[in-house]
Amino acid sequence: MANFYADEQFPKATTIALRSVGHDVLTVQEAGNGNRKIPDPDVLAFATAQNRAVLTLNRYDFIRLHKQSCRHAGIIACSENNNFERLAQKIDAAVCQLDELNEQLIRVYRDA
């Protein structure tokens with residue numbers, strides 16, 4: 001199972017669903033970083049220091065950060081999806097296919 005760091009806008013319901021299948025998810029709020037408007041590069045640096053892949057809906061900024069440097073513990077860039085359980089299932093399926101998340105950019109799209 002994977003270690004994740006869910007950024008500020010990531011849906012709590014998806015976090016709960018990921019935990020229910022065995023993933024270790026730390027949220028920005030649980031880490032004491034909520035409502036602090038921490039810049040995306042600092043969110044990624046914190047997650048990397050904690051050896052956690054970032055879970056984010058802020059796809060464009062985190063894809064840009066990955067292109068600047070792939071030295072991180074992973075980025076899971078997701079499309080908005082109000083079916084939080086389905087989003088968790090898709091994340092779980094994507095990460096379970098990999099041996100490790102370090103330096104990986106994984107894009108998770110909602111169903112059409």
# chains A, B, ... in the order shown; residues from 1 in each chain; ligands from 1

$ residues_around --residues "A:Thr27" --least-positions-apart "4" --cutoff "10 Å" --atoms "only C-alpha atoms" --output "ChimeraX atom specification"
/A:4-12,15,31-34,54-55

$ closest_residue --among "A:Val95, A:Ala49, A:Ile106, A:Met1" --to "A:Ala73" --atoms "only C-alpha atoms"
A:Ala49

$ atom_distance --atom1 "atom CA of A:Glu100" --atom2 "atom CA of A:Asn81"
24.9 Å

$ select_by_dssp --residues "chain A" --states "strand (DSSP E or B)" --output "ChimeraX atom specification"
/A:3-6,24-27,53-56,75-78,105-108

$ closest_residue --among "A:Asp92, A:Asp111, A:Asp61, A:Glu103" --to "A:Gly74" --atoms "only C-alpha atoms"
A:Glu103

$ select_by_dssp --residues "chain A" --states "alpha helix (DSSP H)" --output "PyMOL selection string"
chain A and resi 12-20+40-49+59-68+84-96

$ write_last_selection --atoms "C-alpha atoms" --output "mmCIF file, in the first residue's frame"
data_model
loop_
_atom_site.group_PDB
_atom_site.id
_atom_site.type_symbol
_atom_site.label_atom_id
_atom_site.label_comp_id
_atom_site.auth_asym_id
_atom_site.auth_seq_id
_atom_site.Cartn_x
_atom_site.Cartn_y
_atom_site.Cartn_z
ATOM 1 C CA LYS A 12 -11.915 14.052 2.426
ATOM 2 C CA ALA A 13 -14.338 11.315 1.309
ATOM 3 C CA THR A 14 -11.739 10.003 -1.149
ATOM 4 C CA THR A 15 -9.113 10.096 1.594
ATOM 5 C CA ILE A 16 -11.378 7.982 3.798
ATOM 6 C CA ALA A 17 -12.036 5.525 0.962
ATOM 7 C CA LEU A 18 -8.296 5.164 0.298
ATOM 8 C CA ARG A 19 -7.672 4.468 3.975
ATOM 9 C CA SER A 20 -10.394 1.813 3.968
ATOM 10 C CA ASP A 40 2.619 24.096 -4.189
ATOM 11 C CA PRO A 41 6.423 23.629 -4.306
ATOM 12 C CA ASP A 42 6.444 23.605 -0.493
ATOM 13 C CA VAL A 43 3.565 21.108 -0.381
ATOM 14 C CA LEU A 44 5.566 18.835 -2.682
ATOM 15 C CA ALA A 45 8.747 19.325 -0.634
ATOM 16 C CA PHE A 46 6.920 18.449 2.602
ATOM 17 C CA ALA A 47 5.411 15.332 1.046
ATOM 18 C CA THR A 48 8.799 14.292 -0.323
ATOM 19 C CA ALA A 49 10.459 14.775 3.074
ATOM 20 C CA ARG A 59 -3.235 18.951 -11.905
ATOM 21 C CA TYR A 60 -1.662 21.717 -13.945
ATOM 22 C CA ASP A 61 0.576 23.138 -11.229
ATOM 23 C CA PHE A 62 1.779 19.754 -9.997
ATOM 24 C CA ILE A 63 2.398 18.462 -13.520
ATOM 25 C CA ARG A 64 4.486 21.588 -14.077
ATOM 26 C CA LEU A 65 6.407 20.893 -10.849
ATOM 27 C CA HIS A 66 7.055 17.325 -11.992
ATOM 28 C CA LYS A 67 8.418 18.595 -15.305
ATOM 29 C CA GLN A 68 10.757 20.940 -13.425
ATOM 30 C CA PHE A 84 -15.350 10.020 -4.385
ATOM 31 C CA GLU A 85 -15.449 6.246 -3.991
ATOM 32 C CA ARG A 86 -14.794 5.751 -7.714
ATOM 33 C CA LEU A 87 -11.907 8.230 -7.580
ATOM 34 C CA ALA A 88 -10.368 6.221 -4.716
ATOM 35 C CA GLN A 89 -10.806 3.002 -6.695
ATOM 36 C CA LYS A 90 -9.046 4.503 -9.700
ATOM 37 C CA ILE A 91 -6.170 5.819 -7.581
ATOM 38 C CA ASP A 92 -5.807 2.450 -5.870
ATOM 39 C CA ALA A 93 -5.794 0.620 -9.210
ATOM 40 C CA ALA A 94 -3.205 3.010 -10.668
ATOM 41 C CA VAL A 95 -0.748 2.804 -7.785
ATOM 42 C CA CYS A 96 -1.107 -0.945 -7.258
#

$ closest_residue --among "A:Ala53, A:Asn3, A:Gly22, A:Cys78" --to "A:Arg107" --atoms "only C-alpha atoms"
A:Cys78

$ closest_residue --among "A:Asn82, A:Gln97, A:Leu26, A:Leu105" --to "A:Asn51" --atoms "only C-alpha atoms"
A:Leu26

$ closest_residue --among "A:Arg110, A:Ile75, A:Asn58, A:Cys70" --to "A:Pro39" --atoms "only C-alpha atoms"
A:Asn58

$ atom_distance --atom1 "atom CA of A:Arg71" --atom2 "atom CA of A:Asn102"
7.6 Å
